[in-house]
Amino acid sequence: MTGIDAAGSLEAVVFDLDGVLVDSEEIWDEARRKLALERGLAWPASAQRDMMGMSSLEWSRYMHERVGLTEAPEEISAEVVSRLEGLYWQHLPLMEGAVQAVGRMAKRFRLGLASSSNRPIIELVLGLAAVADYFEVSVSSEEVEHGKPAPDVYLEALKRMNVTPSRAAAVEDSTNGLLSASAAGMLVVAVPNPVFPPRADALAAAAVVIDSLTELTPELINDAASA
């Protein structure tokens, strides 16, 4: 069961950003970890998995409260984002087939983006990748009440597009992202992150699982919706 409205076809596809369009999970981890180590703090082994999908306010609070950085969460977030922006200007680590997949999807579906990245990072990545014009809307989880795995960021993207969840698919890679899209009531396409693979229960929420974006086609989405 996909939960897709049998009376109509899919209208929209909403992409995640980190780990789906851009190979950034390890970069986020390194930037946060390095900041903690510079402060002489130990880096928890579970920190990256814990923070995947969190909003900027949530993960910066985690670093303040759990890791022990003394700076305010807003300062922590700003510093990490600044470091990422510098790295992205040097080299944007796009996932294999990301730009082409966005182009293919845009020929058939309306596109949105629902990301845990901060607004400046979203705009920078979409601009550098030259795909911003394909997306009707983009939503950062810092713009909603709860980050992933809560469905807020996906529901807000669909609200702005005036699309019901049963008429939309999400493309996700992580445990929190998959659970978020599933909780929103969307058809879920999983592209599992090989470095930080999603939990089995989260992967089970996906209607279809693919190895890379090179496999993502409108036909795949439609077949999954009609299954």
# chains A, B, ... in the order shown; residues from 1 in each chain; ligands from 1

$ closest_atom_pairs --of "range 28-94 of chain A" --to "range 102-126 of chain A" --cutoff "10 Å" --atoms "only C-alpha atoms" --output "tab-separated table"
residue	atom	partner	partner_atom	distance
A:Trp28	CA	A:Ser117	CA	9.8
A:Met51	CA	A:Ser116	CA	9.8
A:Met52	CA	A:Ser116	CA	8.2
A:Gly53	CA	A:Ser116	CA	5.5
A:Met54	CA	A:Ser116	CA	6.1
A:Ser55	CA	A:Ser116	CA	5.1
A:Ser56	CA	A:Asn118	CA	6.3
A:Leu57	CA	A:Asn118	CA	9.4
A:Glu58	CA	A:Ser116	CA	10.0
A:Trp59	CA	A:Ser116	CA	9.8
A:Ser77	CA	A:Asn118	CA	8.7
A:Ala78	CA	A:Asn118	CA	9.3
A:Val81	CA	A:Ile121	CA	7.1
A:Ser82	CA	A:Ile121	CA	9.1
A:Leu84	CA	A:Ile121	CA	7.9
A:Glu85	CA	A:Ile121	CA	6.8
A:Tyr88	CA	A:Val125	CA	7.6
A:Trp89	CA	A:Leu124	CA	8.6
A:Leu92	CA	A:Val125	CA	7.4
A:Pro93	CA	A:Val125	CA	9.5
A:Leu94	CA	A:Val125	CA	8.9

$ atom_distance --atom1 "CA of Gln48 in chain A" --atom2 "CA of Ile76 in chain A"
15.5 Å

$ select_by_dssp --residues "chain A" --states "strand (DSSP E or B)" --output "ChimeraX atom specification"
/A:12-15,18,22,94,110-115,135-140,168-172,187-190,208-209

$ write_last_selection --atoms "C-alpha atoms" --output "short mmCIF file (atom, residue, chain, number, x, y, z; two decimals), in the first residue's frame"
data_model
loop_
_atom_site.label_atom_id
_atom_site.label_comp_id
_atom_site.auth_asym_id
_atom_site.auth_seq_id
_atom_site.Cartn_x
_atom_site.Cartn_y
_atom_site.Cartn_z
CA ALA A 12 4.73 16.42 -7.40
CA VAL A 13 8.09 15.06 -6.33
CA VAL A 14 9.82 16.58 -3.32
CA PHE A 15 13.55 16.02 -2.96
CA ASP A 18 21.75 16.39 1.91
CA VAL A 22 24.56 16.59 -2.64
CA LEU A 94 26.91 16.60 -6.16
CA ARG A 110 6.18 19.70 -10.19
CA LEU A 111 9.22 19.77 -7.94
CA GLY A 112 9.79 20.85 -4.37
CA LEU A 113 12.64 20.60 -1.89
CA ALA A 114 12.36 19.75 1.82
CA SER A 115 15.70 20.01 3.58
CA PHE A 135 11.95 23.86 -8.00
CA GLU A 136 8.67 25.63 -7.28
CA VAL A 137 9.39 25.76 -3.57
CA SER A 138 12.13 24.94 -1.11
CA VAL A 139 11.62 24.62 2.63
CA SER A 140 14.23 24.48 5.36
CA ALA A 168 3.22 13.47 -4.03
CA ALA A 169 6.42 11.44 -3.74
CA ALA A 170 9.51 12.12 -1.66
CA VAL A 171 13.11 11.14 -2.45
CA GLU A 172 15.07 10.46 0.74
CA LEU A 187 4.99 7.84 -1.53
CA VAL A 188 8.58 7.35 -0.44
CA VAL A 189 11.53 6.60 -2.73
CA ALA A 190 14.67 5.60 -0.83
CA VAL A 208 10.79 1.60 -3.81
CA VAL A 209 14.52 1.48 -3.06
#

$ select_by_dssp --residues "range 12-152 of chain A" --states "alpha helix (DSSP H)" --output "CSV table (one decimal) with C-alpha atoms, in the first residue's frame"
chain,number,residue,atom,x,y,z
A,25,GLU,CA,26.5,14.1,5.2
A,26,GLU,CA,30.2,13.4,5.8
A,27,ILE,CA,31.0,17.1,5.2
A,28,TRP,CA,28.5,18.2,7.8
A,29,ASP,CA,29.9,15.6,10.2
A,30,GLU,CA,33.4,16.8,9.7
A,31,ALA,CA,32.6,20.5,10.1
A,32,ARG,CA,30.7,19.9,13.4
A,33,ARG,CA,33.2,17.4,14.7
A,34,LYS,CA,36.1,19.7,13.9
A,35,LEU,CA,34.4,22.6,15.7
A,36,ALA,CA,34.0,20.4,18.8
A,37,LEU,CA,37.6,19.1,18.7
A,38,GLU,CA,38.9,22.7,18.4
A,47,ALA,CA,26.5,12.3,17.0
A,48,GLN,CA,26.1,12.3,13.2
A,49,ARG,CA,23.3,9.7,13.2
A,50,ASP,CA,21.6,11.6,16.0
A,51,MET,CA,21.7,14.9,14.1
A,56,SER,CA,19.6,23.8,12.4
A,57,LEU,CA,18.1,24.9,15.8
A,58,GLU,CA,17.9,21.3,16.9
A,59,TRP,CA,21.4,20.1,15.9
A,60,SER,CA,23.0,23.3,17.2
A,61,ARG,CA,21.2,22.9,20.5
A,62,TYR,CA,22.4,19.2,20.5
A,73,PRO,CA,23.1,27.5,19.4
A,74,GLU,CA,22.6,30.3,17.0
A,75,GLU,CA,26.4,31.0,17.0
A,76,ILE,CA,27.2,27.3,16.6
A,77,SER,CA,24.9,27.1,13.6
A,78,ALA,CA,26.3,30.2,11.9
A,79,GLU,CA,29.9,29.0,12.3
A,80,VAL,CA,29.2,25.5,10.9
A,81,VAL,CA,27.2,27.0,8.0
A,82,SER,CA,30.0,29.5,7.2
A,83,ARG,CA,32.5,26.6,7.0
A,84,LEU,CA,30.2,24.6,4.7
A,85,GLU,CA,29.7,27.6,2.4
A,86,GLY,CA,33.4,28.0,2.0
A,87,LEU,CA,33.8,24.3,1.1
A,88,TYR,CA,30.9,24.4,-1.4
A,89,TRP,CA,32.3,27.4,-3.1
A,90,GLN,CA,35.5,25.4,-3.6
A,98,ALA,CA,21.7,14.5,-9.4
A,99,VAL,CA,21.3,17.3,-12.0
A,100,GLN,CA,20.1,14.9,-14.7
A,101,ALA,CA,17.5,13.3,-12.3
A,102,VAL,CA,16.1,16.7,-11.3
A,103,GLY,CA,15.8,17.5,-15.0
A,104,ARG,CA,14.0,14.2,-15.8
A,105,MET,CA,11.6,14.7,-12.9
A,106,ALA,CA,10.8,18.3,-13.9
A,119,ARG,CA,18.3,28.5,4.0
A,120,PRO,CA,21.6,30.0,2.9
A,121,ILE,CA,23.0,26.4,2.2
A,122,ILE,CA,19.9,25.4,0.2
A,123,GLU,CA,20.1,28.5,-2.0
A,124,LEU,CA,23.8,28.1,-2.5
A,125,VAL,CA,23.6,24.5,-3.5
A,126,LEU,CA,20.7,24.9,-5.9
A,127,GLY,CA,22.4,28.0,-7.4
A,128,LEU,CA,25.8,26.3,-7.9
A,152,ASP,CA,6.5,19.3,9.2

$ closest_residue --among "A:Ala206, A:Pro198, A:Asn162, A:Tyr154" --to "Thr175 in chain A" --atoms "only C-alpha atoms"
A:Pro198

$ closest_residue --among "A:Asp16, A:Pro44, A:Asp201, A:Gly185" --to "Lys148 in chain A" --atoms "only C-alpha atoms"
A:Asp16

$ atom_distance --atom1 "CA of Ile221 in chain A" --atom2 "CA of Leu155 in chain A"
19.4 Å

$ atom_distance --atom1 "CA of Gly147 in chain A" --atom2 "CA of Met186 in chain A"
16.6 Å

$ closest_residue --among "A:Val163, A:Leu178, A:Leu216, A:Val195" --to "Leu10 in chain A" --atoms "only C-alpha atoms"
A:Val163
